[in-house]
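Structure data (compact mmCIF, C-alpha atoms) from entry22.txt:
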# COMPACT_ATOMS: atom_id res chain seq x y z
CA MET E 1 -29.35 58.41 -11.16
CA PRO E 2 -25.71 58.59 -10.03
CA ASN E 3 -24.84 59.79 -6.54
CA ASN E 4 -23.30 63.25 -6.78
CA ASN E 5 -21.64 62.86 -3.38
CA ARG E 6 -19.15 60.40 -4.86
CA THR E 7 -16.59 61.24 -7.54
CA ARG E 8 -16.73 58.73 -10.34
CA MET E 9 -13.71 56.52 -10.96
CA ILE E 10 -12.41 54.67 -13.99
CA ALA E 11 -9.56 52.31 -13.06
CA GLY E 12 -7.55 50.24 -15.53
CA ASN E 13 -6.20 46.82 -14.63
CA TRP E 14 -3.55 45.93 -17.19
CA LYS E 15 -3.16 42.44 -15.66
CA MET E 16 -0.03 40.63 -16.96
CA ASN E 17 0.27 42.68 -20.13
CA GLU E 18 2.75 45.26 -21.44
CA THR E 19 6.53 45.07 -21.06
CA TYR E 20 8.30 47.95 -19.34
CA SER E 21 8.78 49.90 -22.59
CA GLU E 22 5.28 49.07 -23.81
CA GLY E 23 3.87 50.21 -20.47
CA VAL E 24 5.64 53.55 -20.71
CA LYS E 25 4.27 54.04 -24.22
CA LEU E 26 0.72 53.11 -23.20
CA ALA E 27 0.87 55.49 -20.23
CA GLN E 28 2.13 58.28 -22.48
CA ASP E 29 -0.54 57.58 -25.08
CA LEU E 30 -3.21 57.67 -22.40
CA SER E 31 -1.87 60.92 -21.01
CA ASN E 32 -2.01 62.43 -24.49
CA GLU E 33 -5.58 61.21 -25.02
CA LEU E 34 -6.83 62.55 -21.70
CA LYS E 35 -5.12 65.89 -22.15
CA ALA E 36 -6.57 66.27 -25.64
CA ASN E 37 -10.09 65.86 -24.22
CA PRO E 38 -9.96 66.95 -20.57
CA VAL E 39 -12.66 65.52 -18.30
CA ASP E 40 -13.59 67.00 -14.94
CA GLY E 41 -15.08 65.14 -12.03
CA VAL E 42 -13.59 61.71 -12.73
CA ASP E 43 -10.71 60.03 -10.91
CA VAL E 44 -8.60 57.95 -13.29
CA VAL E 45 -6.32 55.18 -12.05
CA VAL E 46 -3.91 52.96 -13.96
CA CYS E 47 -2.73 49.65 -12.44
CA PRO E 48 0.15 48.17 -14.45
CA PRO E 49 2.18 45.03 -13.70
CA ALA E 50 4.72 45.50 -10.90
CA ILE E 51 7.66 45.70 -13.27
CA ASP E 52 5.99 48.61 -15.11
CA ILE E 53 5.11 50.68 -12.05
CA LYS E 54 8.24 52.83 -11.99
CA GLY E 55 8.05 53.56 -15.70
CA VAL E 56 4.42 54.64 -15.48
CA SER E 57 5.25 56.67 -12.39
CA GLY E 58 7.85 58.51 -14.46
CA VAL E 59 5.24 59.40 -17.09
CA ILE E 60 2.92 60.72 -14.39
CA GLU E 61 5.69 62.77 -12.81
CA PHE E 62 7.32 64.24 -15.89
CA ASP E 63 4.28 64.58 -18.14
CA HIS E 64 1.91 65.59 -15.34
CA ALA E 65 -0.34 62.81 -16.62
CA PRO E 66 -3.94 63.21 -15.41
CA PHE E 67 -4.22 59.83 -13.73
CA ALA E 68 -3.12 58.15 -10.51
CA LEU E 69 -0.99 55.05 -10.14
CA GLY E 70 -2.07 51.76 -8.62
CA ALA E 71 -0.62 48.30 -8.17
CA GLN E 72 -2.31 44.96 -8.86
CA ASN E 73 -1.33 43.25 -5.62
CA CYS E 74 0.74 43.55 -2.45
CA TYR E 75 1.80 41.59 0.62
CA TRP E 76 0.90 42.59 4.15
CA GLU E 77 4.37 42.48 5.74
CA GLU E 78 6.80 45.41 5.78
CA SER E 79 9.84 43.38 4.74
CA GLY E 80 11.38 39.96 5.12
CA ALA E 81 11.89 36.59 3.47
CA TYR E 82 8.87 36.73 1.15
CA THR E 83 10.41 36.09 -2.24
CA GLY E 84 8.46 37.58 -5.11
CA GLU E 85 6.21 39.75 -2.95
CA THR E 86 5.91 43.55 -2.76
CA ALA E 87 5.35 45.48 0.48
CA PRO E 88 3.02 48.50 0.74
CA ASN E 89 5.88 50.84 1.67
CA MET E 90 7.62 49.83 -1.57
CA LEU E 91 4.51 50.78 -3.50
CA VAL E 92 4.36 54.15 -1.75
CA ASP E 93 7.99 54.88 -2.65
CA ALA E 94 7.28 54.01 -6.28
CA GLY E 95 4.37 56.47 -6.42
CA CYS E 96 1.33 54.23 -5.94
CA THR E 97 -1.74 55.61 -4.21
CA TYR E 98 -4.09 52.71 -5.03
CA CYS E 99 -3.78 48.93 -5.05
CA ILE E 100 -6.11 46.21 -6.32
CA ILE E 101 -6.62 43.36 -3.86
CA GLY E 102 -8.77 40.24 -3.88
CA HIS E 103 -9.14 40.07 -7.65
CA SER E 104 -10.89 36.88 -8.75
CA GLU E 105 -7.77 35.80 -10.63
CA ARG E 106 -5.71 36.10 -7.44
CA ARG E 107 -8.35 34.14 -5.55
CA GLY E 108 -8.81 31.51 -8.25
CA TYR E 109 -5.26 30.94 -9.49
CA PHE E 110 -3.28 31.67 -6.33
CA GLY E 111 -5.65 30.59 -3.59
CA GLU E 112 -6.09 33.96 -1.88
CA THR E 113 -8.71 33.98 0.87
CA ASP E 114 -10.89 36.66 2.41
CA GLU E 115 -8.52 36.59 5.40
CA ASP E 116 -5.58 37.35 3.11
CA VAL E 117 -7.52 40.19 1.53
CA SER E 118 -8.35 41.62 4.95
CA LYS E 119 -4.66 41.59 5.94
CA LYS E 120 -3.71 43.33 2.72
CA ALA E 121 -6.40 45.97 3.16
CA LYS E 122 -5.19 46.78 6.67
CA ALA E 123 -1.56 47.04 5.53
CA LEU E 124 -2.42 49.30 2.60
CA ILE E 125 -4.60 51.63 4.65
CA ALA E 126 -1.82 51.91 7.24
CA HIS E 127 0.37 53.29 4.41
CA ASP E 128 -2.34 55.61 3.05
CA ILE E 129 -2.83 53.51 -0.08
CA VAL E 130 -6.46 53.11 -1.09
CA PRO E 131 -7.43 49.46 -1.59
CA ILE E 132 -9.57 48.63 -4.61
CA LEU E 133 -11.10 45.56 -3.03
CA CYS E 134 -12.65 43.10 -5.48
CA CYS E 135 -15.56 40.77 -4.91
CA GLY E 136 -17.81 38.72 -7.14
CA GLU E 137 -19.51 35.42 -7.85
CA SER E 138 -18.93 32.50 -10.19
CA LEU E 139 -21.41 31.39 -12.83
CA GLU E 140 -22.40 28.48 -10.57
CA VAL E 141 -23.30 30.81 -7.71
CA ARG E 142 -25.14 33.17 -10.08
CA GLU E 143 -27.22 30.36 -11.54
CA ALA E 144 -28.04 29.08 -8.06
CA GLY E 145 -29.54 32.50 -7.27
CA THR E 146 -27.35 33.00 -4.20
CA HIS E 147 -25.09 35.64 -5.73
CA VAL E 148 -26.25 38.54 -3.54
CA SER E 149 -25.78 36.72 -0.24
CA PHE E 150 -22.46 35.29 -1.50
CA VAL E 151 -21.02 38.70 -2.36
CA VAL E 152 -22.29 40.30 0.86
CA ALA E 153 -20.64 37.53 2.90
CA GLN E 154 -17.43 38.00 0.91
CA ILE E 155 -17.39 41.74 1.60
CA LYS E 156 -18.05 41.32 5.31
CA ALA E 157 -15.30 38.70 5.64
CA ALA E 158 -12.74 40.68 3.61
CA LEU E 159 -13.42 43.86 5.61
CA SER E 160 -13.37 42.16 9.01
CA GLY E 161 -11.39 44.42 11.33
CA VAL E 162 -10.58 46.88 8.53
CA GLU E 163 -10.98 50.42 9.83
CA ILE E 164 -11.13 53.53 7.64
CA ALA E 165 -10.95 57.19 8.58
CA ASP E 166 -13.50 58.06 5.91
CA GLY E 167 -15.11 56.58 2.83
CA SER E 168 -12.49 57.97 0.45
CA LYS E 169 -9.99 55.48 1.88
CA LEU E 170 -11.68 52.45 0.31
CA VAL E 171 -13.00 51.42 -3.11
CA ILE E 172 -14.98 48.25 -3.80
CA ALA E 173 -15.05 46.62 -7.24
CA TYR E 174 -17.84 44.18 -8.03
CA GLU E 175 -16.66 41.80 -10.71
CA PRO E 176 -18.96 38.94 -11.65
CA ILE E 177 -16.38 36.27 -12.43
CA TRP E 178 -18.49 34.81 -15.22
CA ALA E 179 -18.27 38.13 -17.07
CA ILE E 180 -14.50 38.64 -16.94
CA GLY E 181 -12.76 38.06 -20.24
CA THR E 182 -15.64 35.91 -21.49
CA GLY E 183 -17.48 38.45 -23.57
CA LYS E 184 -20.47 38.05 -21.27
CA THR E 185 -21.56 41.14 -19.40
CA ALA E 186 -23.95 41.66 -16.54
CA THR E 187 -26.80 44.01 -17.34
CA ALA E 188 -26.97 47.40 -15.67
CA ASP E 189 -29.78 46.07 -13.49
CA ASP E 190 -27.68 43.03 -12.54
CA ALA E 191 -24.86 45.34 -11.50
CA GLN E 192 -27.15 47.60 -9.50
CA GLU E 193 -28.69 44.65 -7.66
CA VAL E 194 -25.34 43.53 -6.30
CA CYS E 195 -23.74 46.96 -5.93
CA GLY E 196 -26.79 48.10 -3.96
CA ALA E 197 -26.41 45.06 -1.70
CA ILE E 198 -22.72 45.88 -1.29
CA ARG E 199 -23.71 49.40 -0.23
CA GLY E 200 -26.04 47.86 2.34
CA ALA E 201 -23.23 45.67 3.66
CA LEU E 202 -20.94 48.70 3.90
CA ASN E 203 -23.67 50.49 5.88
CA ASP E 204 -23.70 47.59 8.32
CA ILE E 205 -19.91 47.66 8.67
CA TYR E 206 -19.14 51.38 8.73
CA GLY E 207 -22.40 53.24 9.19
CA ALA E 208 -24.28 55.25 6.60
CA ASP E 209 -22.04 58.33 6.58
CA LYS E 210 -18.83 56.46 5.75
CA ALA E 211 -20.53 53.92 3.52
CA ASP E 212 -22.17 56.61 1.40
CA ALA E 213 -18.72 57.95 0.49
CA ILE E 214 -17.20 54.58 -0.49
CA ARG E 215 -17.13 54.14 -4.24
CA VAL E 216 -18.39 50.89 -5.74
CA LEU E 217 -17.15 50.07 -9.24
CA TYR E 218 -18.38 47.54 -11.77
CA GLY E 219 -15.83 45.24 -13.40
CA GLY E 220 -16.45 42.54 -15.96
CA SER E 221 -16.04 43.17 -19.71
CA ALA E 222 -16.76 46.87 -19.25
CA LYS E 223 -16.02 48.85 -22.41
CA PRO E 224 -16.88 52.15 -24.12
CA GLY E 225 -20.11 50.78 -25.55
CA ASN E 226 -21.66 49.65 -22.28
CA VAL E 227 -20.13 51.73 -19.50
CA ALA E 228 -22.77 54.47 -19.65
CA GLY E 229 -25.49 51.98 -18.74
CA PHE E 230 -23.64 50.91 -15.62
CA LEU E 231 -22.88 54.48 -14.65
CA SER E 232 -26.57 55.36 -14.81
CA GLN E 233 -27.21 53.19 -11.75
CA PRO E 234 -27.33 54.88 -8.32
CA ASP E 235 -24.85 52.53 -6.64
CA VAL E 236 -22.36 52.15 -9.49
CA ASP E 237 -19.69 54.83 -9.24
CA GLY E 238 -17.38 53.79 -12.03
CA ALA E 239 -15.62 50.83 -13.60
CA LEU E 240 -12.64 48.57 -13.11
CA VAL E 241 -11.59 48.00 -16.69
CA GLY E 242 -9.55 45.08 -18.02
CA GLY E 243 -8.96 44.63 -21.75
CA ALA E 244 -10.23 48.07 -22.78
CA SER E 245 -7.62 49.71 -20.53
CA LEU E 246 -4.88 48.39 -22.84
CA LYS E 247 -6.09 50.67 -25.65
CA ALA E 248 -5.58 54.34 -24.81
CA PRO E 249 -8.42 55.64 -27.04
CA ASP E 250 -10.92 53.14 -25.60
CA PHE E 251 -9.95 53.81 -22.01
CA ALA E 252 -10.04 57.57 -22.56
CA ALA E 253 -13.49 57.19 -24.14
CA MET E 254 -14.71 55.47 -20.97
CA VAL E 255 -13.34 58.31 -18.87
CA GLU E 256 -15.18 60.75 -21.15
CA LYS E 257 -18.43 58.78 -20.70
CA ALA E 258 -17.96 58.90 -16.93
CA GLY E 259 -17.63 62.68 -17.10
CA GLU E 260 -20.93 63.20 -18.90

This structure in structure tokens:
Amino acid sequence: MPNNNRTRMIAGNWKMNETYSEGVKLAQDLSNELKANPVDGVDVVVCPPAIDIKGVSGVIEFDHAPFALGAQNCYWEESGAYTGETAPNMLVDAGCTYCIIGHSERRGYFGETDEDVSKKAKALIAHDIVPILCCGESLEVREAGTHVSFVVAQIKAALSGVEIADGSKLVIAYEPIWAIGTGKTATADDAQEVCGAIRGALNDIYGADKADAIRVLYGGSAKPGNVAGFLSQPDVDGALVGGASLKAPDFAAMVEKAGE
């Protein structure tokens, strides 16, 4: 059964999709969908590409859209000669309250390390932005049967030296890499096995009181047809959604499932 001490979360990662105008339209469509079928007790977050952030922020501000704004990445410095990067204070000024870090695509394509993720987490928390910190294993690790220890080690390394005032200041997203964009999906039991281990790692790092309030999401081909199964698990508090977040009706349906 779900933990009633933690508010469920459905977060959408648009990845590198939607132009500025398309992003504004998608945000407006989602706002309309969520307002047509209001859901209580679920935090909704949308994470568009950097170029779309201001447009989506405008929809949230002027339409009073029932979702929060997140970014997909940041850098850990305040300013300087870091061409192409975005500082946390810039995200704050644009209206972001969440930011994805450590996504498997950032790690795999751009060589990000756990040390990088730790630096980003510290910088975000210092600016009162909640990190959505991703972790997960490859198919090779899964098949070797070392996925639990791998993910626990990843979490402990990425959170090294990362302090939080309370559990609401951090979100973890477990994303089995082999189930992202492949059509493969972990079972609900698979998700619970790793998310439960993540909870145990968080207990070790922060103590039970803080750890119990940290939300752990499942990511990896989550969609309207399977999200309820994941949400039925005691240590799965929501979903980090990829492709389904690009369709307002599908994403809204997942929010509705989370509110049941």

Skip E:Gly23 itself and residues of its chain fewer than 3 positions away, then list as a PDB file with C-alpha atoms, in the coordinates of the input all residues within 8 Å of it, counting only C-alpha atoms.
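Below is the file result_33.pdb, written as the result:
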ATOM      1  CA  GLU E  18       2.750  45.260 -21.440  1.00  0.00           C
ATOM      2  CA  THR E  19       6.530  45.070 -21.060  1.00  0.00           C
ATOM      3  CA  TYR E  20       8.300  47.950 -19.340  1.00  0.00           C
ATOM      4  CA  LEU E  26       0.720  53.110 -23.200  1.00  0.00           C
ATOM      5  CA  ALA E  27       0.870  55.490 -20.230  1.00  0.00           C
ATOM      6  CA  PRO E  48       0.150  48.170 -14.450  1.00  0.00           C
ATOM      7  CA  ASP E  52       5.990  48.610 -15.110  1.00  0.00           C
ATOM      8  CA  GLY E  55       8.050  53.560 -15.700  1.00  0.00           C
ATOM      9  CA  VAL E  56       4.420  54.640 -15.480  1.00  0.00           C
TER      10      VAL E  56
END

Cut-off 9 Å around (-22.8, 37.9, -1.7) with all atoms listed in the file: residues as a PyMOL selection string
chain E and resi 135-137+146-155+194+197-198

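Nearest-residue note for E:Gly259: choosing from E:Val44, E:Val39, E:Lys120, E:Asp212, the minimum distance belongs to E:Val39, counting only C-alpha atoms.
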
Just want the 8 Å neighbourhood of E:Ala211, counted on all atoms listed in the file, with same-chain residues fewer than 6 positions away dropped. Output as a count of residues only.
4

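Distance check against E:Gly238 using only C-alpha atoms: of E:Met16, E:Ala173, E:Ala157, E:Ile205, the minimum falls on E:Ala173.
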
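Restricting the calculation to all atoms listed in the file, the smallest distance between E:Thr86 and any of E:Ala71, E:Val255, E:Val162, E:Cys134 is found for E:Ala71.
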
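Atom CA of E:Arg8 is positioned 17.1 Å from atom CA of E:Gly220.
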
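Pairwise distance (atom CA of E:Leu240, atom CA of E:Leu217) equals 6.1 Å.
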
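Each of E:Ile214, E:Leu139, E:Val117, E:Ala201 was checked against E:Ala186 using all atoms listed in the file; the smallest atom-to-atom distance is that of E:Leu139.
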
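When only C-alpha atoms are used to compute distances to E:Gly242, the closest of the residues E:Phe62, E:Tyr218, E:Phe230, E:Phe67 turns out to be E:Tyr218.
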
Quick one: axis-aligned box around all listed atoms of stretch 173-183 of chain E, 3 Å on every side, centre and edge lengths in Å to one decimal, written as AutoDock Vina command-line options.
--center_x -15.9 --center_y 40.7 --center_z -15.4 --size_x 12.2 --size_y 17.8 --size_z 22.3

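Around the point (-19.5, 43.2, -24.5), within 10 Å and counting all atoms listed in the file, we find these residues: Ala179, Gly181, Thr182, Gly183, Lys184, Thr185, Ala186, Gly220, Ser221, Ala222, Lys223, Pro224, Gly225, Asn226 and Val227 of chain E.
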
Would you mind listing what lies within 12 Å of E:Ile132 as a ChimeraX atom specification, with all atoms listed in the file counted and same-chain residues fewer than 6 positions away left out?
/E:9-13,45-47,70-74,97-103,117-118,120-121,124-125,158-159,168-175,214-219,238-240

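Between atom CA of E:Ala165 and atom CA of E:Ser232 the separation is 28.2 Å.
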
Fewer than 4 positions away in the same chain doesn't count, so skip those; otherwise give me all residues within 10 Å of E:Asp29, counting all atoms listed in the file, as a PDB file with C-alpha atoms, keeping the file's coordinate frame.
ATOM      1  CA  GLY E  23       3.870  50.210 -20.470  1.00  0.00           C
ATOM      2  CA  VAL E  24       5.640  53.550 -20.710  1.00  0.00           C
ATOM      3  CA  LYS E  25       4.270  54.040 -24.220  1.00  0.00           C
ATOM      4  CA  GLU E  33      -5.580  61.210 -25.020  1.00  0.00           C
ATOM      5  CA  LEU E  34      -6.830  62.550 -21.700  1.00  0.00           C
ATOM      6  CA  LYS E  35      -5.120  65.890 -22.150  1.00  0.00           C
ATOM      7  CA  ALA E  65      -0.340  62.810 -16.620  1.00  0.00           C
ATOM      8  CA  LYS E 247      -6.090  50.670 -25.650  1.00  0.00           C
ATOM      9  CA  ALA E 248      -5.580  54.340 -24.810  1.00  0.00           C
ATOM     10  CA  PRO E 249      -8.420  55.640 -27.040  1.00  0.00           C
ATOM     11  CA  ALA E 252     -10.040  57.570 -22.560  1.00  0.00           C
TER      12      ALA E 252
END

Identify which of the residues E:Thr113, E:Ser160, E:Gln28, E:Asn17 lies closest to E:Val59, counting all atoms listed in the file when measuring atom-to-atom distances.
E:Gln28

Surrounding residues of E:Met90 excluding itself and chain neighbours under 2 positions, 12 Å, all atoms listed in the file, as a PyMOL selection string
chain E and resi 50+53-54+71+73-79+85-88+92-97+99+123-124+127+129
